[in-house]
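Enquirer: As input, take coords_24.cif (mmCIF, C-alpha atoms):
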data_model
loop_
_atom_site.label_atom_id
_atom_site.label_comp_id
_atom_site.auth_asym_id
_atom_site.auth_seq_id
_atom_site.Cartn_x
_atom_site.Cartn_y
_atom_site.Cartn_z
CA MET A 19 45.00 -16.57 7.62
CA THR A 20 48.74 -16.07 7.89
CA LEU A 21 50.90 -17.06 10.88
CA PRO A 22 51.28 -13.39 11.99
CA ASN A 23 47.48 -13.00 11.87
CA MET A 24 47.03 -16.15 13.98
CA ILE A 25 49.51 -14.74 16.52
CA SER A 26 47.58 -11.43 16.64
CA LEU A 27 44.32 -13.34 17.06
CA ALA A 28 45.82 -15.42 19.89
CA ARG A 29 46.93 -12.16 21.59
CA LEU A 30 43.40 -10.81 21.27
CA LEU A 31 41.90 -14.02 22.67
CA SER A 32 44.33 -14.03 25.62
CA VAL A 33 42.99 -10.72 26.94
CA PRO A 34 39.95 -12.00 28.90
CA PHE A 35 42.10 -14.72 30.51
CA ASN A 36 44.78 -12.19 31.46
CA VAL A 37 42.21 -9.78 32.92
CA TRP A 38 40.69 -12.63 34.93
CA LEU A 39 44.12 -13.65 36.28
CA ILE A 40 44.76 -10.10 37.46
CA MET A 41 41.31 -9.83 39.05
CA ILE A 42 41.89 -13.00 41.09
CA ASP A 43 45.41 -11.88 42.06
CA GLN A 44 47.24 -14.59 40.15
CA TRP A 45 50.04 -12.13 39.44
CA ARG A 46 52.78 -14.54 38.35
CA LEU A 47 50.64 -16.31 35.78
CA ALA A 48 49.21 -12.96 34.69
CA LEU A 49 52.77 -11.72 34.15
CA VAL A 50 53.64 -14.74 32.02
CA VAL A 51 50.49 -14.38 29.88
CA PHE A 52 50.98 -10.61 29.54
CA CYS A 53 54.66 -10.92 28.60
CA ILE A 54 53.87 -13.57 25.99
CA ALA A 55 51.14 -11.33 24.59
CA GLY A 56 53.48 -8.33 24.59
CA LEU A 57 56.27 -10.28 22.89
CA SER A 58 53.83 -11.68 20.34
CA ASP A 59 53.33 -8.13 19.08
CA ALA A 60 56.99 -7.97 18.08
CA VAL A 61 57.02 -11.53 16.74
CA ASP A 62 54.01 -11.13 14.46
CA GLY A 63 55.41 -7.91 13.02
CA PHE A 64 58.83 -9.46 12.47
CA LEU A 65 57.39 -12.53 10.75
CA ALA A 66 55.09 -10.47 8.56
CA LYS A 67 57.89 -8.20 7.34
CA ARG A 68 60.76 -10.69 7.23
CA PHE A 69 58.91 -13.46 5.43
CA GLY A 70 56.51 -11.41 3.33
CA MET A 71 53.43 -12.50 5.26
CA GLN A 72 51.89 -9.04 5.48
CA SER A 73 48.18 -8.88 4.79
CA ARG A 74 45.39 -6.37 4.77
CA LEU A 75 43.72 -8.24 7.64
CA GLY A 76 46.96 -8.04 9.63
CA ARG A 77 47.15 -4.26 9.20
CA TYR A 78 43.86 -4.05 11.12
CA LEU A 79 44.03 -7.08 13.41
CA ASP A 80 47.45 -6.29 14.93
CA PRO A 81 46.62 -2.77 16.18
CA ILE A 82 43.18 -3.92 17.36
CA ALA A 83 44.80 -6.70 19.39
CA ASP A 84 47.31 -4.20 20.83
CA LYS A 85 44.63 -1.71 21.82
CA VAL A 86 42.32 -4.31 23.36
CA LEU A 87 45.22 -5.81 25.33
CA LEU A 88 46.61 -2.55 26.67
CA VAL A 89 43.29 -0.80 27.33
CA SER A 90 41.94 -3.87 29.16
CA ILE A 91 45.06 -4.30 31.28
CA PHE A 92 45.25 -0.59 32.10
CA ILE A 93 41.57 -0.53 33.09
CA VAL A 94 41.85 -3.57 35.39
CA LEU A 95 45.09 -2.26 36.96
CA GLY A 96 43.39 1.11 37.45
CA VAL A 97 40.30 -0.44 39.03
CA GLN A 98 42.59 -2.37 41.38
CA GLU A 99 44.37 0.92 42.18
CA GLN A 100 47.70 -0.31 40.83
CA LEU A 101 47.83 2.51 38.25
CA PRO A 102 46.55 6.06 38.69
CA LEU A 103 43.08 6.57 37.24
CA TRP A 104 44.18 9.72 35.41
CA LEU A 105 46.67 7.62 33.43
CA VAL A 106 44.05 4.97 32.66
CA ILE A 107 41.69 7.70 31.43
CA LEU A 108 44.49 9.18 29.31
CA VAL A 109 45.35 5.82 27.69
CA VAL A 110 41.71 4.94 27.01
CA SER A 111 40.94 8.44 25.69
CA ARG A 112 43.86 8.33 23.26
CA ASP A 113 42.69 5.04 21.83
CA LEU A 114 39.10 6.28 21.58
CA LEU A 115 40.41 9.36 19.78
CA ILE A 116 42.24 7.17 17.26
CA VAL A 117 39.27 4.86 16.70
CA GLY A 118 36.89 7.82 16.46
CA GLY A 119 39.10 9.54 13.90
CA LEU A 120 39.32 6.36 11.81
CA PHE A 121 35.55 5.97 12.01
CA LEU A 122 35.01 9.53 10.75
CA LEU A 123 37.44 8.96 7.89
CA TYR A 124 35.46 5.84 7.00
CA VAL A 125 32.12 7.69 7.22
CA PHE A 126 33.45 10.40 4.90
CA GLU A 127 34.85 7.74 2.56
CA GLN A 128 38.42 8.82 3.03
CA PRO A 129 40.80 5.95 2.26
CA TYR A 130 43.07 5.04 5.13
CA GLU A 131 45.40 2.12 5.56
CA PRO A 132 46.54 1.91 9.18
CA LYS A 133 50.26 2.49 9.49
CA PRO A 134 51.47 3.30 12.99
CA PHE A 135 53.77 6.23 13.53
CA LEU A 136 57.14 5.64 15.19
CA LEU A 137 55.93 7.61 18.21
CA SER A 138 52.94 5.26 18.46
CA LYS A 139 55.27 2.25 18.53
CA ILE A 140 57.31 3.92 21.29
CA ASN A 141 54.08 4.62 23.18
CA THR A 142 52.97 0.99 22.87
CA ALA A 143 56.37 -0.17 24.16
CA ALA A 144 56.22 2.29 27.09
CA GLN A 145 52.73 1.12 28.03
CA ILE A 146 53.70 -2.57 27.79
CA ILE A 147 56.82 -2.02 29.90
CA LEU A 148 54.86 -0.09 32.54
CA ALA A 149 52.08 -2.69 32.78
CA ALA A 150 54.59 -5.56 32.85
CA PHE A 151 56.63 -3.83 35.57
CA VAL A 152 53.54 -3.19 37.71
CA ILE A 153 52.42 -6.82 37.35
CA ALA A 154 55.97 -8.08 38.06
CA THR A 155 56.18 -5.89 41.16
CA LEU A 156 52.98 -7.46 42.47
CA ALA A 157 54.02 -10.98 41.42
CA PHE A 158 57.38 -10.88 43.16
CA SER A 159 56.95 -8.18 45.84
CA LEU A 160 59.83 -6.18 44.40
CA ASN A 161 61.29 -3.73 46.91
CA GLY A 162 62.14 -0.29 45.61
CA ALA A 163 59.95 -0.72 42.55
CA ALA A 164 58.06 2.50 43.28
CA VAL A 165 61.03 4.51 42.01
CA TYR A 166 60.90 2.79 38.61
CA ILE A 167 57.13 2.94 38.41
CA GLY A 168 57.37 6.63 39.33
CA PHE A 169 59.55 7.09 36.22
CA LEU A 170 57.52 4.85 33.91
CA ILE A 171 54.14 6.49 34.64
CA PRO A 172 55.13 9.97 33.37
CA LEU A 173 56.97 8.36 30.44
CA ALA A 174 53.83 6.45 29.43
CA ALA A 175 51.73 9.59 29.95
CA PHE A 176 54.05 11.74 27.83
CA THR A 177 54.24 9.23 24.96
CA THR A 178 50.46 8.74 25.12
CA ILE A 179 49.84 12.48 24.81
CA ALA A 180 52.47 12.93 22.10
CA SER A 181 51.23 9.96 20.09
CA GLY A 182 47.59 11.04 20.43
CA THR A 183 48.54 14.52 19.26
CA GLU A 184 50.35 13.08 16.24
CA TYR A 185 47.25 11.06 15.27
CA LEU A 186 45.02 14.10 15.82
CA ILE A 187 47.21 16.24 13.52
CA ASP A 188 47.22 13.52 10.85
CA TRP A 189 43.44 13.14 11.09
CA TRP A 190 42.97 16.92 10.93
CA ARG A 191 45.10 17.15 7.77
CA ARG A 192 43.17 14.34 6.11
CA MET A 193 39.82 15.92 6.97
CA ASN A 194 40.95 19.30 5.66
CA ARG A 195 41.84 17.75 2.29
CA MET A 196 38.25 16.70 1.74
CA GLU A 197 36.28 18.54 -0.88
CA PRO A 198 33.49 20.66 0.64
CA ASP A 199 29.87 19.63 -0.04
CA GLN A 200 28.28 21.64 -2.81
#
Written as structure tokens, that's how I'd like the structure from this file.
Expert:
Amino acid sequence: MTLPNMISLARLLSVPFNVWLIMIDQWRLALVVFCIAGLSDAVDGFLAKRFGMQSRLGRYLDPIADKVLLVSIFIVLGVQEQLPLWLVILVVSRDLLIVGGLFLLYVFEQPYEPKPFLLSKINTAAQIILAAFVIATLAFSLNGAAVYIGFLIPLAAFTTIASGTEYLIDWWRRMNRMEPDQ
């Protein structure tokens, strides 16, 4: 268990606490926990690459922690009507598409080492920024925040669609390379 893996695991374990904080309207503490979790994504990646602490477990644990964090936060913000439900459905559907594609590759014994695309990293950043901004707006009653949220929502939607499409194309190519059953 490397330090980056422990950081990813801590991010994963922080999710239920963060969801609970949002559900009981403890916005400021929720913002702190969410921002630490969001920053930990960058920290664990930096440590893994910079100090040669990359591991096979980390290649799976890090994206799982990211997906669980973002999907959970988007769902709870959607249920509380702080994010549009169509965006929540889009974010959740993209992640289900990715997990479903990986599951099919596994079922068909196609080797796959998770390696996020640049567009996926941009999408993760856009989603983190949007969620953090929504939580910050609620924590500090920011006036005029609707303008920024109105920009961030379509940005997150666009990067979610583009990233999902990129994964779908990659999955499709991999599946087409399989030898047909005889």
Enquirer: Show me a table, sorted first by chain and then by increasing residue number, of the residues of stretch 29-97 of chain A having an atom at most 7 Å from stretch 131-153 of chain A, each with its shortest atom pair and the distance in Å to one decimal, counting only C-alpha atoms and written as JSON lines.
Expert:
{"residue": "A:Trp45", "atom": "CA", "partner": "A:Ile153", "partner_atom": "CA", "distance": 6.2}
{"residue": "A:Leu49", "atom": "CA", "partner": "A:Ile153", "partner_atom": "CA", "distance": 5.9}
{"residue": "A:Cys53", "atom": "CA", "partner": "A:Ala150", "partner_atom": "CA", "distance": 6.8}
{"residue": "A:Gly56", "atom": "CA", "partner": "A:Ile146", "partner_atom": "CA", "distance": 6.6}
{"residue": "A:Arg77", "atom": "CA", "partner": "A:Pro132", "partner_atom": "CA", "distance": 6.2}
{"residue": "A:Tyr78", "atom": "CA", "partner": "A:Pro132", "partner_atom": "CA", "distance": 6.8}
Enquirer: Write out, as an mmCIF file, keeping the file's coordinate frame, the residues just selected, with C-alpha atoms.
Expert:
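Contents of result_20.cif, freshly written:
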data_model
loop_
_atom_site.group_PDB
_atom_site.id
_atom_site.type_symbol
_atom_site.label_atom_id
_atom_site.label_comp_id
_atom_site.auth_asym_id
_atom_site.auth_seq_id
_atom_site.Cartn_x
_atom_site.Cartn_y
_atom_site.Cartn_z
ATOM 1 C CA TRP A 45 50.040 -12.130 39.440
ATOM 2 C CA LEU A 49 52.770 -11.720 34.150
ATOM 3 C CA CYS A 53 54.660 -10.920 28.600
ATOM 4 C CA GLY A 56 53.480 -8.330 24.590
ATOM 5 C CA ARG A 77 47.150 -4.260 9.200
ATOM 6 C CA TYR A 78 43.860 -4.050 11.120
#
Enquirer: Translate the PyMOL selection byres ((chain A and resi 169-172) around 9), as applied to the file shown, into an explicit residue set as an mmCIF file with C-alpha atoms, in the frame of the given file.
Expert:
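That gives us result34.cif:
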data_model
loop_
_atom_site.group_PDB
_atom_site.id
_atom_site.type_symbol
_atom_site.label_atom_id
_atom_site.label_comp_id
_atom_site.auth_asym_id
_atom_site.auth_seq_id
_atom_site.Cartn_x
_atom_site.Cartn_y
_atom_site.Cartn_z
ATOM 1 C CA LEU A 101 47.830 2.510 38.250
ATOM 2 C CA PRO A 102 46.550 6.060 38.690
ATOM 3 C CA LEU A 105 46.670 7.620 33.430
ATOM 4 C CA ALA A 144 56.220 2.290 27.090
ATOM 5 C CA GLN A 145 52.730 1.120 28.030
ATOM 6 C CA ILE A 147 56.820 -2.020 29.900
ATOM 7 C CA LEU A 148 54.860 -0.090 32.540
ATOM 8 C CA PHE A 151 56.630 -3.830 35.570
ATOM 9 C CA ALA A 164 58.060 2.500 43.280
ATOM 10 C CA VAL A 165 61.030 4.510 42.010
ATOM 11 C CA TYR A 166 60.900 2.790 38.610
ATOM 12 C CA ILE A 167 57.130 2.940 38.410
ATOM 13 C CA GLY A 168 57.370 6.630 39.330
ATOM 14 C CA LEU A 173 56.970 8.360 30.440
ATOM 15 C CA ALA A 174 53.830 6.450 29.430
ATOM 16 C CA ALA A 175 51.730 9.590 29.950
ATOM 17 C CA PHE A 176 54.050 11.740 27.830
ATOM 18 C CA THR A 177 54.240 9.230 24.960
#
Enquirer: In Å, rounded to a single decimal, give me how far atom CA of A:Pro22 is from atom CA of A:Leu65.
Expert: 6.3 Å
Enquirer: List the neighbours of A:Val89 out to 9 Å using only C-alpha atoms; skip same-chain residues closer than 2 positions along the sequence, and give me the result as a list in words.
Expert: Asp84, Lys85, Val86, Leu87, Ile91, Phe92, Ile93, Val94, Val106, Val109, Val110 and Asp113 of chain A
Enquirer: May I ask which of the residues A:Met19, A:Ile25, A:Ala48, A:Met196 is the closest one to A:Leu122, counting all atoms listed in the file?
Expert: A:Met196
Enquirer: To test your reading of the syntax: which residues would the PyMOL selection byres ((chain A and resi 41-43) around 10) return for the file shown? Reply as an MDAnalysis selection string.
Expert: chainID A and resid 35:40 44:48 94:95 97:98 153 156:157
Enquirer: Take the residues that were just selected and, keeping C-alpha atoms, output them as a PDB file, in the coordinates of the input.
Expert:
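Final output, part00.pdb:
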ATOM      1  CA  PHE A  35      42.100 -14.720  30.510  1.00  0.00           C
ATOM      2  CA  ASN A  36      44.780 -12.190  31.460  1.00  0.00           C
ATOM      3  CA  VAL A  37      42.210  -9.780  32.920  1.00  0.00           C
ATOM      4  CA  TRP A  38      40.690 -12.630  34.930  1.00  0.00           C
ATOM      5  CA  LEU A  39      44.120 -13.650  36.280  1.00  0.00           C
ATOM      6  CA  ILE A  40      44.760 -10.100  37.460  1.00  0.00           C
ATOM      7  CA  GLN A  44      47.240 -14.590  40.150  1.00  0.00           C
ATOM      8  CA  TRP A  45      50.040 -12.130  39.440  1.00  0.00           C
ATOM      9  CA  ARG A  46      52.780 -14.540  38.350  1.00  0.00           C
ATOM     10  CA  LEU A  47      50.640 -16.310  35.780  1.00  0.00           C
ATOM     11  CA  ALA A  48      49.210 -12.960  34.690  1.00  0.00           C
ATOM     12  CA  VAL A  94      41.850  -3.570  35.390  1.00  0.00           C
ATOM     13  CA  LEU A  95      45.090  -2.260  36.960  1.00  0.00           C
ATOM     14  CA  VAL A  97      40.300  -0.440  39.030  1.00  0.00           C
ATOM     15  CA  GLN A  98      42.590  -2.370  41.380  1.00  0.00           C
ATOM     16  CA  ILE A 153      52.420  -6.820  37.350  1.00  0.00           C
ATOM     17  CA  LEU A 156      52.980  -7.460  42.470  1.00  0.00           C
ATOM     18  CA  ALA A 157      54.020 -10.980  41.420  1.00  0.00           C
TER      19      ALA A 157
END
Enquirer: Select all residues near (54.9, -13.2, 10.7) (cut-off 12 Å, inclusive, file coordinates), counting all atoms listed in the file, and output them as an mmCIF file with C-alpha atoms, keeping the file's coordinate frame.
Expert:
data_model
loop_
_atom_site.group_PDB
_atom_site.id
_atom_site.type_symbol
_atom_site.label_atom_id
_atom_site.label_comp_id
_atom_site.auth_asym_id
_atom_site.auth_seq_id
_atom_site.Cartn_x
_atom_site.Cartn_y
_atom_site.Cartn_z
ATOM 1 C CA MET A 19 45.000 -16.570 7.620
ATOM 2 C CA THR A 20 48.740 -16.070 7.890
ATOM 3 C CA LEU A 21 50.900 -17.060 10.880
ATOM 4 C CA PRO A 22 51.280 -13.390 11.990
ATOM 5 C CA ASN A 23 47.480 -13.000 11.870
ATOM 6 C CA MET A 24 47.030 -16.150 13.980
ATOM 7 C CA ILE A 25 49.510 -14.740 16.520
ATOM 8 C CA SER A 26 47.580 -11.430 16.640
ATOM 9 C CA SER A 58 53.830 -11.680 20.340
ATOM 10 C CA ASP A 59 53.330 -8.130 19.080
ATOM 11 C CA ALA A 60 56.990 -7.970 18.080
ATOM 12 C CA VAL A 61 57.020 -11.530 16.740
ATOM 13 C CA ASP A 62 54.010 -11.130 14.460
ATOM 14 C CA GLY A 63 55.410 -7.910 13.020
ATOM 15 C CA PHE A 64 58.830 -9.460 12.470
ATOM 16 C CA LEU A 65 57.390 -12.530 10.750
ATOM 17 C CA ALA A 66 55.090 -10.470 8.560
ATOM 18 C CA LYS A 67 57.890 -8.200 7.340
ATOM 19 C CA ARG A 68 60.760 -10.690 7.230
ATOM 20 C CA PHE A 69 58.910 -13.460 5.430
ATOM 21 C CA GLY A 70 56.510 -11.410 3.330
ATOM 22 C CA MET A 71 53.430 -12.500 5.260
ATOM 23 C CA GLN A 72 51.890 -9.040 5.480
ATOM 24 C CA SER A 73 48.180 -8.880 4.790
ATOM 25 C CA GLY A 76 46.960 -8.040 9.630
ATOM 26 C CA ARG A 77 47.150 -4.260 9.200
ATOM 27 C CA ASP A 80 47.450 -6.290 14.930
#
Enquirer: From the set A:Met193, A:Leu30, A:Ala154, A:Leu79, which residue has the shortest atom-to-atom contact distance to A:Leu123, counting all atoms listed in the file?
Expert: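 Using all atoms listed in the file, A:Leu123 sits closest to A:Met193.
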Enquirer: Hey, which of A:Leu57, A:Trp189, A:Pro81, A:Ser90 ends up closest to A:Leu120? Count all atoms listed in the file.
Expert: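 Checking each of A:Leu57, A:Trp189, A:Pro81, A:Ser90 against A:Leu120, counting all atoms listed in the file, the winner is A:Trp189.
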Enquirer: Find the residue from A:Asn194, A:Gln128, A:Ser181, A:Gln100 that sits nearest to A:Thr155; use all atoms listed in the file when measuring.
Expert: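 Among the listed residues, A:Gln100 lies closest to A:Thr155.
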Enquirer: Between atom CA of A:Gly118 and atom CA of A:Ala28, what is the distance in Å, rounded to a tenth?
Expert: 25.1 Å
